[in-house]
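Here the structure comes first, spelled out in structure tokens, and everything after it is commentary.
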Amino acid sequence: MTLEGENERKHMNSPAMLTDMYEYTMLDAALQDGTANRQCVFEVFTRHLPTGRRYGIAAGLGRILEYLPHFKPSEDDIAFLVDRHVISKTTAQWLENFQFTGTIRAYPEGEAFFANSPIVQVEGTFAECTLLETLILSVLNFDCAVASAASRMTSAAGGRPCMDMGGRRTNEYAAIAAARASIVGGFQGTANLAAAQAYNLPCIGTAAHAFTLLHDSERDAFVSQINALGVGTTLLTDTYSIEDAITTAVEVAGTELGGIRIDSGDLASLAQQARKQLDALGATSTTITVTNDLDEYAIAALATAPVDSYGVGTQLVTGSGQPTCAMVYKLVEREGSDGRMHPVAKRSFGKRTDGWRKRALRSYRYGLAQGELVLCGSADNLAKWEPSEEYGEVRDMLICAVDHGDIDTSLTTTDALFAARDHHWKSLQDLPVTALSLSQGDQAIPTEVLNISE
């Protein structure tokens with residue numbers, strides 16, 4: 001194995017190093033001053049949704065749970081940290097036996113979230129919670145951004161399938177995460193084989209323009225593809241003349257041709273012309289897929305065009321212009337020297353936080369979401385709180401994903417991933433209809449933060 005390959009293997013096998021240096025320097029200092037074992041509560045939230053967005057979609061919890069059993073630095077990792085003077089030898093000895101034994105509560109994947117929604121809550125000692133900060137934020141900021149963009153795209157598609165084709169537009173490992181997150185946001189499958197293999201996803205793909213250009217004629221290319229993949233395949237028709245390509249495709253495959261793909265030009269007009277031509281040739285069941293740098297706005301503009309499915313690349317894996325959800329990971333409660341839990345909060349201008357752990361609820365009337373209620377208080381006060389009639393029906397938002405180190409592995413399965421997609425659709429149906437608008441606007445429902453510490 002090459003040096004590059006060996007380094008890549010180490011990084012992939014050691015998620016405890018997918019972090020920032022200050023997580024370990026804080027750990028080292030806290031172990032030395034005796035505060036490392038204080039019980040703490042950290043929470044992940046965003047202070048605001050991206051400009052113009054009316055909701056976000058929670059995604060990434062399953063990936064965090066996949067990482068968690070392996071979140072332990074290897075001997076080589078510990079040696080590196082000591083050699084670089086990141087940690088002391090005492091901390092190195094502590095890390096040799098590290099295992100996360102805390103509790104993680106979270107919004108289920110596929111759930112809509114809003115400003116100040118505590119989408120993940122991590123409870124445990126400071127030592128174990130602080131080490132998870134960067135990894136949790138890396139996963140959530142990317143996955144939520146992709147799932148949120150995917151949700152807007154699939155809503156705009158109005159039931160027509162959207163497929164992930166973004167692997168070549170991002171980092172090779174981010175492509176796998178993006179494919180997974182796209183499913184949470186309503187996508188039907190992916191072109192990425194690694195993602196399809198990892199999560200048992202439907203996989204798509206036939207041929208690129210290079211395949212047509214390789215052959216002496218477009219007819220030869222189509223014959224070759226059909227011989228290899230059958231008449232149910234999808235033929236790429238815009239290498240030369242789309243009209244000529246469709247004529248040739250039907251001549252070669254017959255009227256049972258599975259589909260055609262258009263990857264350039266005025267997609268609405270070209271799809272309309274293609275549909276007319278296919279129907280005239282008797283290929284009435286042949287589907288039309290369009291690609292070419294689509295986003296939710298382009299998909300919405302194709303609503304009246306005879307398009308059967310969409311392939312989305314760059315705009316999906318970059319969050320359609322919003323590549324992060326600006327999630328933060330903040331300490332909100334910690335054990336004091338008196339052994340009791342105390343609220344803690346930032347007071348800096350523009351970055352204020354609310355102390356105490358949170359209980360998140362959503363208020364409904366007639367099955368329609370009215371608002372997000374975020375309660376701040378001690379564990380006892382939160383558990384005892386009962387809503388008044390003004391809040392209507394309320395539903396607790398957080399589920400327990402890790403209970404004192406015991407991981408709910410059912411949340412990491414392929415079934416859970418597709419259940420998250422179903423939950424996403426249900427979550428959107430519960431929101432006011434304006435939530436699905438692509439125009440600029442406020443978040444779909446208001447968030448109320450209520451301190452019940454007294």
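Residue numbers start at 1 in each chain; chains themselves are named A, B, ... in the order of the structure tokens; ligands are numbered from 1 in the order shown.
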Could you give me, as a Markdown table, a per-residue list for region 76-156 of chain A showing, wherever an atom lies at most 8 Å from an atom of region 289-309 of chain A, the closest pair of atoms and their distance in Å to one decimal, using only C-alpha atoms and sorting by chain then residue number from low to high?
| residue | atom | partner | partner_atom | distance |
| --- | --- | --- | --- | --- |
| A:Ala149 | CA | A:Glu296 | CA | 7.8 |
| A:Arg152 | CA | A:Glu296 | CA | 5.9 |
| A:Met153 | CA | A:Glu296 | CA | 4.3 |
| A:Thr154 | CA | A:Glu296 | CA | 7.8 |
| A:Ala156 | CA | A:Ala300 | CA | 4.9 |
Need the shell around Ser88 (chain A): protein/DNA/RNA residues with any atom at most 12 Å away, counting only C-alpha atoms. Skip same-chain ones fewer than 6 positions apart. Format as a list of chain:residue names?
A:Tyr24, A:Thr25, A:Met26, A:Leu27, A:Asp28, A:Ala29, A:Ala30, A:Leu31, A:Gln32, A:Ile78, A:Ala79, A:Phe80, A:Leu81, A:Val82, A:Trp94, A:Leu95
According to DSSP computed on the backbone, where in region 308-355 of chain A is there helix (DSSP H, G or I)? Give the residues as a PyMOL selection string.
chain A and resi 314-317+319-321
Selected residues written out, N, CA and C atoms, as a PDB file, in the first residue's frame:
ATOM      1  N   THR A 314     -24.653  18.892  -8.935  1.00  0.00           N
ATOM      2  CA  THR A 314     -23.945  19.941  -8.204  1.00  0.00           C
ATOM      3  C   THR A 314     -24.805  20.601  -7.134  1.00  0.00           C
ATOM      4  N   GLN A 315     -26.013  20.997  -7.486  1.00  0.00           N
ATOM      5  CA  GLN A 315     -26.847  21.741  -6.549  1.00  0.00           C
ATOM      6  C   GLN A 315     -27.282  20.896  -5.359  1.00  0.00           C
ATOM      7  N   LEU A 316     -27.380  19.599  -5.540  1.00  0.00           N
ATOM      8  CA  LEU A 316     -27.719  18.719  -4.422  1.00  0.00           C
ATOM      9  C   LEU A 316     -26.591  18.663  -3.412  1.00  0.00           C
ATOM     10  N   VAL A 317     -25.394  18.316  -3.871  1.00  0.00           N
ATOM     11  CA  VAL A 317     -24.286  18.067  -2.947  1.00  0.00           C
ATOM     12  C   VAL A 317     -23.707  19.346  -2.359  1.00  0.00           C
ATOM     13  N   GLY A 319     -25.879  21.736  -1.255  1.00  0.00           N
ATOM     14  CA  GLY A 319     -26.983  22.316  -0.498  1.00  0.00           C
ATOM     15  C   GLY A 319     -27.744  23.366  -1.271  1.00  0.00           C
ATOM     16  N   SER A 320     -27.649  23.346  -2.590  1.00  0.00           N
ATOM     17  CA  SER A 320     -28.314  24.322  -3.463  1.00  0.00           C
ATOM     18  C   SER A 320     -28.032  25.748  -2.997  1.00  0.00           C
ATOM     19  N   GLY A 321     -26.747  26.038  -2.862  1.00  0.00           N
ATOM     20  CA  GLY A 321     -26.327  27.380  -2.485  1.00  0.00           C
ATOM     21  C   GLY A 321     -26.183  27.602  -0.995  1.00  0.00           C
TER      22      GLY A 321
END
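With distances restricted to only C-alpha atoms, A:Val146 is the closest residue to Cys325 (chain A) from A:Gly62, A:Val146, A:Leu135, A:Gly392.
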Residues near Lys346 (chain A), anyone? I mean within 10 Å using only C-alpha atoms, not counting same-chain ones fewer than 5 positions away, as a list in words.
Lys330, Leu331, Val332, Lys351, Arg352, Thr353, Asp354 and Gly355 of chain A
N, CA, C and O atoms of the current selection, written as a short mmCIF file (atom, residue, chain, number, x, y, z; two decimals), in the first residue's frame:
data_model
loop_
_atom_site.label_atom_id
_atom_site.label_comp_id
_atom_site.auth_asym_id
_atom_site.auth_seq_id
_atom_site.Cartn_x
_atom_site.Cartn_y
_atom_site.Cartn_z
N LYS A 330 -23.09 23.62 21.71
CA LYS A 330 -22.86 24.48 22.85
C LYS A 330 -23.15 23.79 24.17
O LYS A 330 -24.14 23.06 24.31
N LEU A 331 -22.29 24.06 25.15
CA LEU A 331 -22.50 23.59 26.51
C LEU A 331 -23.61 24.42 27.14
O LEU A 331 -23.53 25.65 27.15
N VAL A 332 -24.66 23.77 27.65
CA VAL A 332 -25.80 24.50 28.21
C VAL A 332 -26.04 24.18 29.68
O VAL A 332 -26.79 24.89 30.36
N LYS A 351 -24.25 36.23 19.78
CA LYS A 351 -24.04 34.79 19.93
C LYS A 351 -24.54 34.29 21.27
O LYS A 351 -24.03 33.31 21.81
N ARG A 352 -25.53 34.94 21.81
CA ARG A 352 -26.08 34.54 23.09
C ARG A 352 -26.72 33.15 22.97
O ARG A 352 -27.28 32.79 21.93
N THR A 353 -26.62 32.39 24.03
CA THR A 353 -27.26 31.08 24.08
C THR A 353 -28.15 31.02 25.31
O THR A 353 -28.06 31.86 26.21
N ASP A 354 -29.02 30.03 25.37
CA ASP A 354 -29.92 29.83 26.50
C ASP A 354 -29.41 28.68 27.35
O ASP A 354 -29.17 27.57 26.85
N GLY A 355 -29.24 28.95 28.64
CA GLY A 355 -28.77 27.92 29.55
C GLY A 355 -29.84 26.87 29.83
O GLY A 355 -31.01 27.03 29.50
#
Give me, as a PyMOL selection string, all polymer residues having an atom no more than 12 Å from region 165-173 of chain A, counting only C-alpha atoms and skipping those fewer than 2 positions away in the same chain.
chain A and resi 8+11-12+139+142+146+150+162-163+175-182+187-196+198+203-205+290-295+310-320+323
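What separates CA of Ile246 (chain A) from CA of Gly159 (chain A) is a distance of 25.7 Å.
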Can you tell me which residues surround Gly377 (chain A) at a distance of at most 8 Å, considering only C-alpha atoms, apart from same-chain residues fewer than 4 positions away, and format the answer as a list in words?
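Answer for this query is Gly355, Trp356, Arg357, Lys358, Asn381, Leu382, Asn451, Ile452 and Ser453 of chain A.
Ranking A:Ile136, A:Ala112, A:Leu361, A:Val223 by their shortest atom-to-atom distance to Met397 (chain A), with only C-alpha atoms included, puts A:Leu361 first.
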Which polymer residues have any atom within 7 Å of an atom of region 106-109 of chain A, counting only C-alpha atoms, with same-chain residues fewer than 5 positions away left out, as an MDAnalysis selection string?
chainID A and resid 58:59 61 119:121 184 397:401 420
When you look at Glu390 (chain A) with a cut-off of 12 Å (counting only C-alpha atoms), what residues show up, excluding the ones that are within fewer than 3 positions of it in the same chain? I need them as a ChimeraX atom specification.
/A:363-365,370-371,373,386-387,393-394
Please save C-alpha atoms of the selected residues as a short mmCIF file (atom, residue, chain, number, x, y, z; two decimals), in the first residue's frame.
data_model
loop_
_atom_site.label_atom_id
_atom_site.label_comp_id
_atom_site.auth_asym_id
_atom_site.auth_seq_id
_atom_site.Cartn_x
_atom_site.Cartn_y
_atom_site.Cartn_z
CA SER A 363 -47.68 22.51 18.90
CA TYR A 364 -50.55 21.33 16.64
CA ARG A 365 -54.14 22.32 15.98
CA GLN A 370 -48.53 25.90 14.85
CA GLY A 371 -45.12 26.44 16.40
CA LEU A 373 -41.80 25.29 21.79
CA GLU A 386 -47.53 20.21 31.27
CA PRO A 387 -48.73 22.42 28.39
CA GLU A 393 -51.84 19.27 21.09
CA VAL A 394 -48.09 18.99 21.65
#
Pick out each residue of region 286-392 of chain A that DSSP on the backbone tags as strand (DSSP E); I need them as an MDAnalysis selection string.
chainID A and resid 287:290 309:312 327:335 341:343 358:365 368:376
